[in-house]
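Asks: Here it is, the structure, as structure tokens.
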Amino acid sequence: MPACAIEEAIDIKGYVEIDPEECKGCGLCVAACVQKVLSLSPQLNRYGYHPATNEEKPCNGCGLCFYACPEPGAIRVFKAID
Amino acid sequence: MSELKCIHGKADCFYEHYERKGEAQHQTHYCPGCGHGIAHKLLAESIDELGIRDRVILVSPVGCSVFLYYYFDVGNVQVAHGRAPAVATALKRAHPEAIVISYQGDGDLAAIGSAEILHAANRGENYTSIFINNAIYGMTGGQMAPTTLMGNRTTTTPFGRNVFNDGYPLHVSEVIATLEAPTYVERAALGNTKQILQAKKAIKKALETQMKGLGFSMVEILSPCPTIWKMDPVDAQKHVREGLAAVYPLGAKRDRTKEAEPRPAHIPAPALEELPRILKLDKGSDAAMPAHHETVDFRVKVAGFGGQGVLLLGQLLAEAGMDYGLEVSWLPSYGPEMRSGTSNCHVRLSNKPVDSPFVSSPNVLIALNEPSLRKFISTVEPGGLVFYNGTAIPADCVRADLRMHPIPFFAVADELGSTKVGNIVVLGALLSATGVLPLEVVDHALPRVVKAEKWIEIDRQALRRGASLLCPEVPVHV
Amino acid sequence: MPKQLIKGNEALVKGAVLAGCRAFYGYPITPANEIAESAAVYIPQAGGVFLQAESEVAAINMVYGGASAGVRTMTASSGPGMSLMCEGISYIAGAELPCVIANIMRGGPGLGNIAPEQSDYFQAVKGGGHGCYHALVLAPASAQEMCDLTFLGFDLADKYRNPVIVLADGCLGQMMEPVEFPTTPRAPRTPEWAVDGTAATRPNLISSIYLQPDDLEKHILKLEAKYKRAHVEETRWENYRTDDAELVFVGYGIVARILKSVVEKLRMQGIKAGLLRPITLYPFPAPELRRLAGQAQQFFVVEMSTGQMVEDVRLAVEGRRPVEFYGRCGGNIPTAEEIVEEVFAHV
């Protein structure tokens with residue numbers, strides 16, 4: 001599995017990585033995110049969807065968005081391990 | 001400094017790229033917000049976590065999830081609409097070590113395949129059924145499903161589902177749960193993350209049930225179909241939570257996982273050398289008798305009431321003929337008439353290969369009752385022999401060109417102790433009249449036809465008593 | 001091995017087990033019941049699976065599953081059940097799965113009756129189910145062939161990865177004749193394309209879906225190429241006194257047996273009669289019929305139907321010789337005597 005986009009986690013509990021080309025913009029992850037870090041991007045991906053994005057904001061890595069997402073490979077959730 | 005570790009990502013059980021979908025494809029074919037993708041992820045994670053990927057055979061249905069095999073890197077079998085439980089049954093029975101999972105929608109499982117799922121469940125087949133219930137036909141474009149809610153408008157219920165026309169939403173899990181055999185049946189939903197995580201638990205438990213050999217397991221999953229429902233994915237998820245779940249209550253409907261006994265282990269197959277014994281191939285004519293060289297062309301019709309031993313008489317004649325080196329055939333009348341009323345059979349004995357096993361113009365007629373005599377007397381070849389169970393041939397059945405022997409065979413048998421051997425008395429008379437076979441050949445064949453030992457001795461007596469009824473005559477015209 | 005006097009239906013099952021058949025999925029129907037009943041006795045003892053399904057629809061899909069799993073699998077039925085199985089047979093052919101299906105034909109259409117007919121020829125030979133496919137169709141004419149052609153059927157099914165239908169009738173199933181069984185049983189083995197729940201077969205897929213028109217066309221042409229190959233390699237027939245025959249009968253199964261009597265009766269009356277008995281109905285022995293058309297004056301087809309195979313005979317003979325037809329149906333079996341009468345009336 002490829003490494004996280006953010007190589008070093010300084011004061012970060014967690015991070016969500018969304019593949020914009022895999023996302024269909026259904027918004028279920030946005031609705032599931034209790035920390036409200038996710039939103040739908042104003043950009044369109046190559047399939048014509050507004051993909052979900054965290055705008056590179058960190059989160060607590062709870063993983064709720066992952067289970068809400070219907071695409072097998074659209075979301076990866078990272079959590080800080082001491 | 002802490003390290004970021006990936007805690008949730010694409011399950012190993014999924015292909016990296018969906019080559020079967022098309023080159024370099026990495027997205028599913030499902031609509032945005034479709035529940036299938038979520039259910040796939042739950043199943044894939046469960047397979048990974050249980051470490052069973054190599055053992056899994058996944059049965060793809062017909063419906064939106066027809067292309068399950070695009071995504072799952074497991075053994076895949078795609079099947080006809082509704083038939084997944086039948087296919088899964090045979091896969092599992094062929095390979096009990098495999099983990100067989102069928103995945104079906106509500107049209108597939110609850111409508112066209114309702115018989116298959118009911119009986120697979122009732123047999124307690126040790127496979128896992130994932131049943132996606134979104135209360136609509138998705139792939140075909142939004143027709144009513146058996147699980148469609150009352151009043152819902154679909155393309156085939158344009159004025160709403162009406163109980164008088166369409167009946168009620170089918171509660172599959174509850175129906176299956178009434179059966180004795182199923183081990184674990186739970187209804188879950190994809191209405192929010194909590195429900196989704198509970199659905200995963202249920203899937204995992206179902207798979208564990210199968211792995212332990214405990215029997216049939218099924219997880220029904222209430223799932224959103226935003227496109228056909230014409231809802232935003234978030235609203236569709238809410239409808240699962242509030243609309244579907246209100247009609248289809250969530251939770252375990254049947255859980256015998258604690259008390260169920262594992263299925264008995266598979267009995268290992270016997271060695272190939274055992275087959276002749278198993279198939280009883282060693283039981284047959286041992287060709288101990290001398291080969292027959294005279295010209296023989298016996299076309300025998302045996303007819304009588306059911307219960308008179310018509311078929312057995314014919315079979316014994318054929319068995320003995322075979323032992324004597326003759327070509328033989330035996331053809332019964334069959335069907336309802338063999339269960340009551342009349343019975344007849346055709347027997348041929350020949351020193352040449354038997355062409356037709358039908359005896360349309362017999363040269364020997366054995367008529368064990370009057371209706372049979374009347375029915376067949378006109379078909380007997382001139383010069384032929386007739387054995388009739390009676391004291392005299394009815395006047396209108398007498399033919400001058402035949403040798404006719406009216407004998408009360410069953411009365412003779414009664415003197416021997418049982419009317420049941422009347423047929424054997426006839427055979428004895430036939431053999432003595434024609435000399436076609438020595439009595440000893442019949443003695444030899446008897447144990448293969450008459451299974452109960454106590455009858456064999458009385459049969460041998462009956463044969464000889466029959467033979468004594470007539471002086472040997474010149475063999476029948478050949 | 002000693003000869004056994006045995007019913008055709010039972011001989012068929014023993015032949016199947018000797019051919020390595022280790023799964024039978026069926027549903028009761030007269031006159032095929034002895035097949036399921038014998039299978040229930042022998043196949044579990046041989047380490048296989050016998051299951052009475054809830055319907056013929058389920059049974060044929062269990063066959064699909066057994067075959068997908070790489071097990072030599074069979075079923076047996078008769079007219080109404082065969083109609084239900086047509087769906088599954090189409091899928092089996094489309095997914096290129098091997099299996100053997102015995103059809104012990106009875107009277108139709110509808111419930112008809114349970115007496116013998118040969119009225120499922122079209123269904124078996126021309127398809128029955130949907131799509132461009134063929135089953136290979138074998139037509140036994142004796143208890144011995146009920147065993148031997150079933151044995152062969154499993155080999156052909158594997159060779160071509162295609163369903164094989166053993167097309168018999170109620171008479172052949174019910175009659176007893178001496179049978180000598182094959183002495184070298186086939187050992188069960190899992191073909192490399194099967195899906196058996198192991199790492200080795202994990203990449204395998206059994207499916208009949210080809211979504212893109214070009215892909216499906218390619219697949220259909222692949223199937224067609226198999227059938228063409230079968231025409232070359234598998235066409236089987238029996239010639240009976242055709243060497244000098246001017247009148248050639250054509251009949252299969254039990255009818256061919258009766259036609260041998262007819263040939264003998266006509267020969268005694270100075271008529272040079274012979275018989276061509278197709279053993280494979282698909283592939284049909286058309287080349288042999290064409291060959292005989294150069295020599296014979298006339299063909300005479302007899303079937304226990306209103307005329308189904310006769311269409312293939314006419315196609316093969318290409319109008320070069322007259323092709324007469326005589327059929328009985330409803331469960332009536334033509335006698336040699338009545339066929340002889342027909343010959344004198346029409347030839």
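Residue numbers start at 1 in each chain; chains themselves are named A, B, ... in the order of the structure tokens; ligands are numbered from 1 in the order shown.
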Contacts between chain B and chain A, please, where a residue of chain A counts if it comes within 9 Å (with only C-alpha atoms); show its shortest atom pair and distance in Å to one decimal, rows by chain and ascending number, as a Markdown table.
Replies:
| residue | atom | partner | partner_atom | distance |
| --- | --- | --- | --- | --- |
| A:Met1 | CA | B:Cys6 | CA | 8.5 |
| A:Ala3 | CA | B:Cys6 | CA | 8.3 |
| A:Cys4 | CA | B:Leu4 | CA | 7.4 |
| A:Ile6 | CA | B:Leu4 | CA | 8.4 |
| A:Glu7 | CA | B:Leu4 | CA | 7.9 |
| A:Glu8 | CA | B:Glu3 | CA | 6.8 |
| A:Ala9 | CA | B:Ser2 | CA | 6.1 |
| A:Ile10 | CA | B:Met1 | CA | 6.1 |
| A:Asp11 | CA | B:Met1 | CA | 7.8 |
| A:Ile12 | CA | B:Ser2 | CA | 8.2 |
| A:Lys13 | CA | B:Leu4 | CA | 8.3 |
| A:Gly14 | CA | B:Leu4 | CA | 7.1 |
| A:Tyr15 | CA | B:Leu4 | CA | 8.0 |
| A:Glu21 | CA | B:Gln27 | CA | 8.4 |
| A:Glu22 | CA | B:Gln27 | CA | 5.7 |
| A:Cys23 | CA | B:Gln27 | CA | 8.1 |
| A:Lys24 | CA | B:Pro32 | CA | 5.4 |
| A:Gly25 | CA | B:Pro32 | CA | 6.7 |
| A:Cys26 | CA | B:Pro32 | CA | 4.9 |
| A:Gly27 | CA | B:Val234 | CA | 6.9 |
| A:Leu28 | CA | B:Val234 | CA | 5.9 |
| A:Ala31 | CA | B:Val234 | CA | 7.1 |
| A:Ala32 | CA | B:Thr193 | CA | 7.0 |
| A:Gly61 | CA | B:Ile7 | CA | 8.4 |
| A:Gly63 | CA | B:His8 | CA | 6.9 |
| A:Leu64 | CA | B:Thr193 | CA | 6.3 |
| A:Cys65 | CA | B:Thr193 | CA | 8.3 |
| A:Phe66 | CA | B:His8 | CA | 6.9 |
| A:Tyr67 | CA | B:Thr193 | CA | 6.5 |
| A:Ala68 | CA | B:Thr193 | CA | 6.1 |
| A:Cys69 | CA | B:Ile38 | CA | 6.4 |
| A:Pro70 | CA | B:Gly37 | CA | 4.1 |
| A:Glu71 | CA | B:Gly37 | CA | 5.6 |
| A:Pro72 | CA | B:Lys10 | CA | 5.4 |
| A:Gly73 | CA | B:Lys10 | CA | 4.8 |
| A:Ala74 | CA | B:Lys10 | CA | 8.0 |
| A:Ile75 | CA | B:Gly9 | CA | 6.4 |
| A:Arg76 | CA | B:Gly9 | CA | 4.5 |
| A:Val77 | CA | B:His8 | CA | 4.9 |
| A:Phe78 | CA | B:Cys6 | CA | 4.2 |
| A:Lys79 | CA | B:Leu4 | CA | 5.2 |
| A:Ala80 | CA | B:Leu4 | CA | 4.4 |
| A:Ile81 | CA | B:Glu3 | CA | 5.3 |
| A:Asp82 | CA | B:Ser2 | CA | 4.6 |
Asks: Would you please give, as a ChimeraX atom specification, all residues of chain A that DSSP assigns to strand (DSSP E or B) based on the backbone?
Replies: /A:9,14-18,39-40,52-53,59,75-81
Asks: Return the neighbours of chain C among the residues of chain B, cut-off 6 Å, counting only C-alpha atoms, as a PyMOL selection string.
Replies: chain B and resi 54-57+74-78+86-87+90-91+98+269+284-286+329-331+355-356
Asks: I need the chosen residues saved as an mmCIF file, in the first residue's frame, with C-alpha atoms.
Replies:
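Done, and the output landed in selection_2.cif:
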data_model
loop_
_atom_site.group_PDB
_atom_site.id
_atom_site.type_symbol
_atom_site.label_atom_id
_atom_site.label_comp_id
_atom_site.auth_asym_id
_atom_site.auth_seq_id
_atom_site.Cartn_x
_atom_site.Cartn_y
_atom_site.Cartn_z
ATOM 1 C CA ASP B 54 -8.121 -18.695 -1.356
ATOM 2 C CA ARG B 55 -11.027 -20.837 -0.218
ATOM 3 C CA VAL B 56 -13.823 -18.531 -1.284
ATOM 4 C CA ILE B 57 -16.094 -19.315 -4.212
ATOM 5 C CA VAL B 74 -11.601 -15.070 -5.370
ATOM 6 C CA GLY B 75 -12.927 -18.057 -7.310
ATOM 7 C CA ASN B 76 -15.953 -16.763 -9.204
ATOM 8 C CA VAL B 77 -19.020 -18.408 -10.686
ATOM 9 C CA GLN B 78 -21.674 -16.305 -12.398
ATOM 10 C CA ALA B 86 -28.823 -24.249 -6.343
ATOM 11 C CA VAL B 87 -25.383 -23.548 -7.784
ATOM 12 C CA ALA B 90 -23.535 -28.060 -5.634
ATOM 13 C CA LEU B 91 -20.300 -26.063 -5.290
ATOM 14 C CA ALA B 98 -14.431 -24.191 0.093
ATOM 15 C CA ALA B 269 -14.094 -41.618 -1.675
ATOM 16 C CA GLY B 284 -24.295 -61.399 -13.292
ATOM 17 C CA SER B 285 -24.203 -64.315 -15.633
ATOM 18 C CA ASP B 286 -21.062 -66.275 -14.927
ATOM 19 C CA SER B 329 -34.253 -58.906 -24.210
ATOM 20 C CA TRP B 330 -37.042 -58.128 -21.747
ATOM 21 C CA LEU B 331 -39.379 -55.218 -22.161
ATOM 22 C CA ASP B 355 -33.269 -56.764 -33.404
ATOM 23 C CA SER B 356 -36.538 -55.473 -32.035
#
Asks: Report as a CSV table (one decimal) with N, CA and C atoms, in the first residue's frame all protein, DNA and RNA residues lying within 8 Å of Val125 (chain C), evaluated on only C-alpha atoms, omitting residues in the same chain fewer than 4 positions from it.
Replies:
chain,number,residue,atom,x,y,z
C,121,TYR,N,-36.7,-34.5,-30.2
C,121,TYR,CA,-35.5,-34.4,-31.1
C,121,TYR,C,-35.2,-32.9,-31.3
C,134,HIS,N,-25.3,-25.6,-29.2
C,134,HIS,CA,-25.8,-27.0,-29.4
C,134,HIS,C,-25.3,-27.9,-28.2
C,135,ALA,N,-26.1,-28.8,-27.8
C,135,ALA,CA,-25.6,-29.9,-27.0
C,135,ALA,C,-25.2,-31.0,-28.0
C,136,LEU,N,-24.2,-31.8,-27.6
C,136,LEU,CA,-23.9,-33.0,-28.4
C,136,LEU,C,-25.0,-34.0,-28.0
C,137,VAL,N,-25.6,-34.7,-28.9
C,137,VAL,CA,-26.7,-35.5,-28.6
C,137,VAL,C,-26.4,-37.0,-29.1
C,281,LEU,N,-27.0,-37.7,-32.9
C,281,LEU,CA,-28.0,-36.9,-33.6
C,281,LEU,C,-27.5,-35.5,-33.8
C,282,TYR,N,-26.6,-35.0,-32.9
C,282,TYR,CA,-25.8,-33.8,-33.1
C,282,TYR,C,-24.4,-34.1,-32.7
Asks: Find the residues around Arg374 (chain B) up to 9 Å (only C-alpha atoms counted), leave out those fewer than 5 positions away in its own chain, and share them as a short mmCIF file (atom, residue, chain, number, x, y, z; two decimals) with all heavy atoms, in the first residue's frame.
Replies:
data_model
loop_
_atom_site.label_atom_id
_atom_site.label_comp_id
_atom_site.auth_asym_id
_atom_site.auth_seq_id
_atom_site.Cartn_x
_atom_site.Cartn_y
_atom_site.Cartn_z
N ALA B 367 -50.90 -66.21 -21.37
CA ALA B 367 -52.01 -65.36 -20.94
C ALA B 367 -52.48 -65.85 -19.58
O ALA B 367 -53.02 -66.96 -19.46
CB ALA B 367 -53.15 -65.41 -21.95
N ASN B 369 -54.72 -64.46 -17.69
CA ASN B 369 -56.14 -64.24 -17.43
C ASN B 369 -56.88 -64.12 -18.75
O ASN B 369 -56.26 -64.02 -19.83
CB ASN B 369 -56.36 -63.02 -16.54
CG ASN B 369 -55.85 -61.73 -17.17
OD1 ASN B 369 -55.79 -61.59 -18.39
ND2 ASN B 369 -55.45 -60.79 -16.33
N ASP B 396 -64.57 -68.71 -28.20
CA ASP B 396 -64.28 -67.74 -29.26
C ASP B 396 -62.80 -67.39 -29.36
O ASP B 396 -62.41 -66.61 -30.22
CB ASP B 396 -65.11 -66.46 -29.04
CG ASP B 396 -64.90 -65.86 -27.66
OD1 ASP B 396 -64.46 -66.61 -26.75
OD2 ASP B 396 -65.15 -64.67 -27.48
N CYS B 397 -61.99 -67.97 -28.49
CA CYS B 397 -60.55 -67.72 -28.56
C CYS B 397 -59.79 -68.91 -29.14
O CYS B 397 -58.56 -68.86 -29.31
CB CYS B 397 -59.98 -67.40 -27.18
SG CYS B 397 -60.52 -65.82 -26.54
#
Asks: From the DSSP assignment of the backbone, select every residue of region 72-204 of chain B that is alpha helix (DSSP H), and format the answer as number ranges by chain.
Replies: B: 84-94, 106, 114-122, 163-166, 172-177, 193-204
Asks: Residues near region 294-307 of chain B, anyone? I mean within 8 Å using only C-alpha atoms, not counting same-chain ones fewer than 3 positions away, as a ChimeraX atom specification.
Replies: /B:310-311,313-314,338-351,359,361-369,371-373,436,478
Asks: Name the residues in contact with Lys352 (chain B) at a cut-off of 8 Å, using only C-alpha atoms, excluding same-chain residues fewer than 2 positions from it; report them as a PyMOL selection string.
Replies: chain B and resi 326-327+350+354
Asks: Export, as a compact mmCIF listing (two decimals), in the first residue's frame, the selected residues with N, CA and C atoms.
Replies:
# COMPACT_ATOMS: atom_id res chain seq x y z
N LEU B 326 -27.73 -67.45 -24.93
CA LEU B 326 -28.61 -66.86 -25.95
C LEU B 326 -28.59 -65.33 -25.85
N GLU B 327 -28.96 -64.69 -26.95
CA GLU B 327 -29.21 -63.26 -26.92
C GLU B 327 -30.63 -63.06 -26.38
N SER B 350 -32.91 -65.53 -28.59
CA SER B 350 -32.50 -65.80 -29.96
C SER B 350 -31.04 -66.20 -29.97
N VAL B 354 -30.68 -59.72 -30.94
CA VAL B 354 -32.10 -59.38 -30.95
C VAL B 354 -32.26 -58.04 -31.67
Asks: Extract, using only C-alpha atoms, all DNA, RNA and protein residues at most 9 Å from region 153-166 of chain C, discarding same-chain residues fewer than 2 positions from it, and format them as a VMD selection string.
Replies: chain C and resid 16 19 to 21 72 to 74 76 89 92 to 104 124 to 125 134 to 140 146 148 to 151 168 191 223 226 to 227 230 234
Asks: Rounded to one decimal, what separation in Å do you get between CA of Phe284 (chain C) and CA of Phe358 (chain B)?
Replies: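 Distance reported for this atom pair: 26.5 Å.
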Asks: Please measure the separation of CA of Thr147 (chain B) and CA of Cys29 (chain A), giving the value in Å to one decimal.
Replies: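 Going from CA of Thr147 (chain B) over to CA of Cys29 (chain A), I get 27.5 Å.
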Asks: Point out the residue among B:Gly435, B:Leu244, B:Val426, B:His266 with the least atom-to-atom distance to Gly321 (chain B), counting only C-alpha atoms.
Replies: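 That would be B:Gly435, the residue with the smallest distance to Gly321 (chain B).
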